[in-house]
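J.: Sharing data29.txt (compact mmCIF, C-alpha atoms) below.
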# COMPACT_ATOMS: atom_id res chain seq x y z
CA PHE A 1 161.26 16.84 198.54
CA GLY A 2 164.13 14.42 197.85
CA MET A 3 166.19 12.47 200.32
CA HIS A 4 167.92 13.74 203.43
CA THR A 5 170.83 12.37 205.47
CA SER A 6 171.87 14.03 208.73
CA ASN A 7 174.53 13.31 211.33
CA CYS A 8 173.64 15.94 213.91
CA GLY A 9 172.96 13.52 216.76
CA SER A 10 172.31 15.37 220.02
CA SER A 11 174.87 18.11 219.37
CA THR A 12 173.70 21.69 219.15
CA CYS A 13 175.52 21.85 215.81
CA VAL A 14 176.28 25.57 216.07
CA ILE A 15 179.84 26.77 215.42
CA SER A 16 180.56 30.12 217.08
CA MET A 17 184.36 30.26 217.12
CA LEU A 18 186.79 30.52 214.21
CA PRO A 19 188.84 28.99 212.75
CA TYR A 20 186.74 25.95 211.94
CA THR A 21 188.19 23.04 209.94
CA GLU A 22 186.74 19.74 208.73
CA ASP A 23 189.05 17.22 207.03
CA PHE A 24 186.57 14.29 206.94
CA GLU A 25 189.17 11.90 208.34
CA MET A 26 186.91 10.61 211.13
CA GLY A 27 183.88 9.63 209.04
CA PHE A 28 180.77 11.53 207.99
CA PRO A 29 181.14 14.47 210.38
CA THR A 30 178.73 15.39 213.10
CA CYS A 31 176.51 18.35 212.20
CA TRP A 32 176.99 18.03 208.44
CA ASP A 33 174.14 16.75 206.30
CA THR A 34 173.22 15.96 202.70
CA THR A 35 170.11 16.27 200.57
CA GLN A 36 169.50 14.97 197.06
CA ASN A 37 166.73 14.15 194.63
CA ALA A 38 164.94 10.83 194.95
CA GLY A 39 167.03 7.98 193.57
CA SER A 40 170.35 9.79 193.94
CA ASP A 41 173.12 8.50 196.18
CA GLY A 42 174.06 12.09 197.02
CA PHE A 43 177.37 12.95 198.64
CA LEU A 44 179.03 9.94 200.27
CA HIS A 45 181.99 9.64 202.62
CA GLY A 46 185.01 7.51 201.76
CA ASP A 47 188.37 7.42 200.05
CA SER A 48 189.54 7.14 196.46
CA ALA A 49 189.17 3.35 196.43
CA SER A 50 185.60 3.33 197.72
CA LEU A 51 184.24 6.37 195.89
CA SER A 52 185.86 6.02 192.44
CA SER A 53 184.30 4.37 189.39
CA PHE A 54 185.53 3.27 185.97
CA TYR A 55 185.15 6.64 184.26
CA LEU A 56 185.62 8.77 187.39
CA PRO A 57 188.74 7.80 189.36
CA PHE A 58 189.09 10.28 192.21
CA PRO A 59 192.77 11.07 192.88
CA ALA A 60 193.92 9.90 196.31
CA HIS A 61 193.19 12.49 199.03
CA THR A 62 192.79 10.38 202.19
CA MET A 63 189.10 10.63 203.28
CA PHE A 64 186.65 13.04 201.64
CA MET A 65 183.05 13.55 200.50
CA ALA A 66 182.03 12.87 196.90
CA SER A 67 179.02 12.74 194.60
CA ASN A 68 179.63 10.35 191.67
CA ASP A 69 177.14 10.25 188.80
CA ASP A 70 179.28 7.80 186.83
CA ALA A 71 178.68 5.27 189.60
CA CYS A 72 175.02 6.16 190.21
CA ASN A 73 173.87 7.22 186.71
CA CYS A 74 170.90 8.86 188.40
CA ASP A 75 169.45 12.33 188.93
CA MET A 76 172.26 14.16 190.72
CA SER A 77 171.14 17.61 189.60
CA ASN A 78 170.61 18.74 193.18
CA ASP A 79 173.12 16.89 195.37
CA LEU A 80 173.86 19.16 198.35
CA LEU A 81 176.49 18.86 201.08
CA ARG A 82 175.69 21.21 203.97
CA SER A 83 178.03 22.48 206.67
CA PRO A 84 177.01 22.93 210.29
CA GLN A 85 175.29 26.15 211.29
CA PHE A 86 177.67 29.03 212.07
CA ASP A 87 176.90 31.80 214.55
CA LEU A 88 179.11 34.66 213.33
CA THR A 89 177.68 37.45 215.48
CA ASN A 90 181.07 37.94 217.16
CA TYR A 91 182.69 38.59 213.76
CA ALA A 92 180.49 41.44 212.55
CA GLY A 93 182.38 43.75 210.21
CA GLN A 94 185.30 41.35 209.78
CA ALA A 95 186.58 39.67 206.63
CA ILE A 96 185.89 35.91 206.54
CA ASP A 97 187.10 33.30 204.05
CA LEU A 98 185.69 29.89 203.15
CA SER A 99 188.47 27.61 201.84
CA PHE A 100 188.29 24.03 200.60
CA GLU A 101 189.88 21.52 198.28
CA TYR A 102 187.88 19.93 195.50
CA PHE A 103 187.98 17.67 192.45
CA ASN A 104 185.58 18.34 189.56
CA PRO A 105 186.86 17.30 186.10
CA GLN A 106 183.70 18.49 184.25
CA THR A 107 184.45 16.15 181.35
CA CYS A 108 180.84 14.92 181.25
CA ASP A 109 178.84 17.96 182.37
CA SER A 110 179.02 17.64 186.14
CA TYR A 111 179.47 21.02 187.79
CA GLY A 112 180.31 22.02 191.34
CA THR A 113 179.06 25.26 192.87
CA VAL A 114 179.18 26.87 196.32
CA TRP A 115 176.32 28.60 198.13
CA TYR A 116 175.31 29.87 201.54
CA SER A 117 172.10 30.44 203.45
CA MET A 118 171.43 32.83 206.32
CA ASN A 119 168.66 32.43 208.89
CA GLY A 120 167.11 29.53 207.01
CA GLY A 121 166.57 31.67 203.92
CA PRO A 122 167.13 30.76 200.26
CA LEU A 123 170.50 29.66 198.98
CA VAL A 124 172.73 32.50 197.81
CA PHE A 125 175.21 31.70 195.03
CA LEU A 126 178.90 32.25 195.83
CA ASP A 127 180.90 30.82 192.93
CA SER A 128 181.44 27.94 190.51
CA MET A 129 184.32 25.52 190.80
CA PRO A 130 186.73 25.73 187.84
CA ALA A 131 187.42 22.43 186.10
CA THR A 132 190.14 20.21 187.58
CA PRO A 133 190.86 17.61 184.89
CA SER A 134 193.30 15.42 186.81
CA THR A 135 194.22 16.84 190.23
CA TRP A 136 192.65 18.31 193.34
CA SER A 137 192.57 22.08 193.57
CA ASN A 138 192.15 24.68 196.32
CA MET A 139 189.52 27.40 196.32
CA THR A 140 189.11 30.35 198.70
CA LEU A 141 185.96 32.48 198.68
CA ASP A 142 185.19 35.74 200.44
CA VAL A 143 182.14 35.13 202.65
CA SER A 144 182.35 38.40 204.58
CA ALA A 145 178.69 39.05 203.70
CA THR A 146 177.81 36.45 206.35
CA ALA A 147 179.80 38.15 209.16
CA GLY A 148 177.48 39.18 211.97
CA SER A 149 174.74 36.67 211.16
CA ASP A 150 173.76 34.22 213.90
CA SER A 151 172.72 31.49 211.43
CA VAL A 152 174.87 30.69 208.39
CA VAL A 153 175.17 27.39 206.50
CA PHE A 154 177.61 26.82 203.64
CA VAL A 155 176.50 24.46 200.88
CA PHE A 156 178.42 22.55 198.21
CA LYS A 157 176.33 21.47 195.21
CA HIS A 158 176.87 18.90 192.47
CA ASP A 159 174.69 19.29 189.38
CA ASP A 160 174.91 16.57 186.71
CA SER A 161 173.04 18.80 184.22
CA GLY A 162 169.65 17.26 184.67
CA PRO A 163 167.73 13.99 184.99
CA GLY A 164 168.79 11.37 182.47
CA ASN A 165 172.24 12.80 181.92
CA TRP A 166 175.17 10.47 182.58
CA ALA A 167 177.94 12.67 184.01
CA ASP A 168 181.00 12.60 186.28
CA GLY A 169 181.09 14.14 189.75
CA VAL A 170 182.39 16.41 192.50
CA ALA A 171 184.54 15.72 195.57
CA ILE A 172 185.09 18.02 198.57
CA ASP A 173 187.76 17.95 201.30
CA ASP A 174 189.55 20.09 203.91
CA VAL A 175 186.91 22.76 204.50
CA THR A 176 187.99 25.78 206.55
CA VAL A 177 186.11 28.88 207.69
CA ASP A 178 188.40 31.53 209.14
CA LEU A 179 189.18 35.22 209.32
CA ALA A 180 190.75 36.39 206.08
CA PRO A 181 194.48 37.20 206.22
CA ASN A 182 195.20 40.85 206.98
CA PRO A 183 196.53 42.29 203.70
CA CYS A 184 198.48 44.90 205.66
CA ILE A 185 200.68 42.36 207.43
CA ILE A 186 203.71 41.34 205.35
CA THR A 187 204.74 37.76 206.12
CA SER A 188 207.31 37.02 203.43
CA LEU A 189 210.44 38.72 202.15
CA PRO A 190 211.65 40.38 200.01
CA TYR A 191 209.07 43.17 200.04
CA THR A 192 209.25 45.97 197.46
CA GLU A 193 207.21 49.14 196.98
CA ASP A 194 208.07 51.43 194.04
CA PHE A 195 205.11 53.84 194.45
CA GLU A 196 204.36 53.59 190.73
CA MET A 197 200.67 52.84 191.26
CA GLY A 198 199.87 55.73 193.58
CA PHE A 199 199.79 55.99 197.36
CA PRO A 200 200.10 52.31 198.31
CA THR A 201 197.54 50.38 200.29
CA CYS A 202 198.56 49.80 203.91
CA TRP A 203 200.99 52.71 204.02
CA ASP A 204 200.09 55.89 205.91
CA THR A 205 201.52 59.23 206.93
CA THR A 206 201.44 61.41 210.01
CA GLN A 207 202.55 65.00 210.40
CA ASN A 208 202.20 68.01 212.66
CA ALA A 209 199.28 70.39 212.24
CA GLY A 210 199.82 72.64 209.24
CA SER A 211 202.33 70.34 207.54
CA ASP A 212 201.59 68.74 204.17
CA GLY A 213 203.54 65.67 205.27
CA PHE A 214 204.73 63.10 202.75
CA LEU A 215 202.89 63.43 199.43
Could you write out this structure as structure tokens?
T.:
Amino acid sequence: FGMHTSNCGSSTCVISMLPYTEDFEMGFPTCWDTTQNAGSDGFLHGDSASLSSFYLPFPAHTMFMASNDDACNCDMSNDLLRSPQFDLTNYAGQAIDLSFEYFNPQTCDSYGTVWYSMNGGPLVFLDSMPATPSTWSNMTLDVSATAGSDSVVFVFKHDDSGPGNWADGVAIDDVTVDLAPNPCIITSLPYTEDFEMGFPTCWDTTQNAGSDGFL
């Protein structure tokens, strides 16, 4: 069944209000946990100096979580970093985003993916992390499918492409779960609408009974 590391302590470990943010600056955070195959170091907490290795220097990003197969040279095909449980019943029908920063060069067949689980069920695939050869990158995923569920866990996975494969790694930082921005609220100027693509999203019309209104 692999190895398991948890930092839940006596907390209920259920997040019911958004936004939620974890920047990993205060150590391995309460209510997060890791699992990995036997012999793997899994995801560890630290900074660039403590988590880097000769062939995998993580760019500086203060404190973060990372799985490094260059350092371990072990079976990291199922290294998982799990968020706390989210109770999103109060957000039923609303758009929710999962955002995070990551580093995953993929030069030696290490791949990062993102998943979620509801009500203790199987992991559901969300997306793969595009390669980041030399810098950290930001990723935002639509997780609106989880809105309304009382038990949601988000999972970051590092797969080194199988036992016996020497690979690189994946690092995760600055995780946020929040309501998605309202696309119908304009927050920057200038704003232009030329009506070339049809009746534009977020515009509407009103008119008296019997009138065609604006067409």
J.: Compare A:Gly93, A:Pro84, A:Pro57, A:Gly112 by their minimum atom-to-atom distance to Leu126 in chain A, counting only C-alpha atoms, and give me the closest one.
T.: A:Gly112
J.: When you count all atoms listed in the file, which of these residues is closest to Ser149 in chain A: A:Leu189, A:Cys108, A:Met118, A:Leu44?
T.: A:Met118
J.: Range 131-139 of chain A: which residues within 8 Å, counting all atoms listed in the file, same-chain residues fewer than 6 positions away excluded, as a VMD selection string?
T.: chain A and resid 59 99 to 107
J.: Have a look at A:Tyr91, A:Phe24, A:Phe199, A:Phe125 and name the one nearest to Thr62 in chain A; count all atoms listed in the file.
T.: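 Closest to Thr62 in chain A, using all atoms listed in the file: A:Phe24.
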J.: Just how far from CA of Asp69 in chain A is CA of Val124 in chain A, in Å to one decimal?
T.: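 Computing the Euclidean distance for CA of Val124 in chain A and CA of Asp69 in chain A yields 24.4 Å.
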J.: Can you tell me, as a count of residues only, which residues sit within 10 Å of (189.0, 32.8, 217.0) in the file's frame, using all atoms listed in the file?
T.: 9
J.: Counting all atoms listed in the file, which residues of range 5-83 of chain A fall within 8 Å of range 151-163 of chain A, and what is the closest atom pair for each with its distance in Å at one decimal, ordered by chain and rising number, as a tab-separated table?
T.:
residue	atom	partner	partner_atom	distance
A:Ser67	CA	A:His158	CA	6.9
A:Asp69	CA	A:Asp160	CA	7.0
A:Cys74	CA	A:Pro163	CA	6.9
A:Asp75	CA	A:Pro163	CA	4.6
A:Met76	CA	A:Asp160	CA	5.4
A:Ser77	CA	A:Asp159	CA	3.9
A:Asn78	CA	A:Asp159	CA	5.6
A:Asp79	CA	A:His158	CA	5.1
A:Leu80	CA	A:Lys157	CA	4.6
A:Leu81	CA	A:Phe156	CA	5.1
A:Arg82	CA	A:Val155	CA	4.6
A:Ser83	CA	A:Phe154	CA	5.3
J.: Quote the spacing between CA of Val143 in chain A and CA of Asp47 in chain A in Å to one decimal place.
T.: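 CA of Asp47 in chain A lies at a distance of 28.5 Å from CA of Val143 in chain A.
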J.: Enter the distance from CA of Val114 in chain A to CA of Asp127 in chain A, in Å, rounded to one decimal.
T.: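 If I compute the distance from CA of Val114 in chain A to CA of Asp127 in chain A, I get 5.5 Å.
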J.: Using all atoms listed in the file, can you tell me which of A:Asp212, A:Asp109, A:Asp33, A:Asp87 comes closest to Thr146 in chain A?
T.: A:Asp87
J.: When you count only C-alpha atoms, which of these residues is closest to Asn165 in chain A: A:Leu56, A:Cys72, A:Met63, A:Ser50?
T.: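 Closest to Asn165 in chain A of all the choices is A:Cys72.
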J.: Skip Phe64 in chain A itself and residues of its chain fewer than 6 positions away, then list as a ChimeraX atom specification all residues within 6 Å of it, counting all atoms listed in the file.
T.: /A:24,45-46,173
J.: I need the residue nearest Ile15 in chain A from this list: A:Asp41, A:Asp150, A:Thr113, A:Gly164. Use only C-alpha atoms for the distance.
T.: A:Asp150
J.: Would you kindly return, as a PyMOL selection string, each protein, DNA or RNA residue with an atom no farther than 10 Å from any atom of range 184-188 of chain A, considering all atoms listed in the file and excluding same-chain residues fewer than 6 positions away?
T.: chain A and resi 201-203
J.: How would the residues just picked look written out with C-alpha atoms as an mmCIF file, keeping the file's coordinate frame?
T.:
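Contents of selection.cif, freshly written:
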data_model
loop_
_atom_site.group_PDB
_atom_site.id
_atom_site.type_symbol
_atom_site.label_atom_id
_atom_site.label_comp_id
_atom_site.auth_asym_id
_atom_site.auth_seq_id
_atom_site.Cartn_x
_atom_site.Cartn_y
_atom_site.Cartn_z
ATOM 1 C CA THR A 201 197.540 50.380 200.290
ATOM 2 C CA CYS A 202 198.560 49.800 203.910
ATOM 3 C CA TRP A 203 200.990 52.710 204.020
#
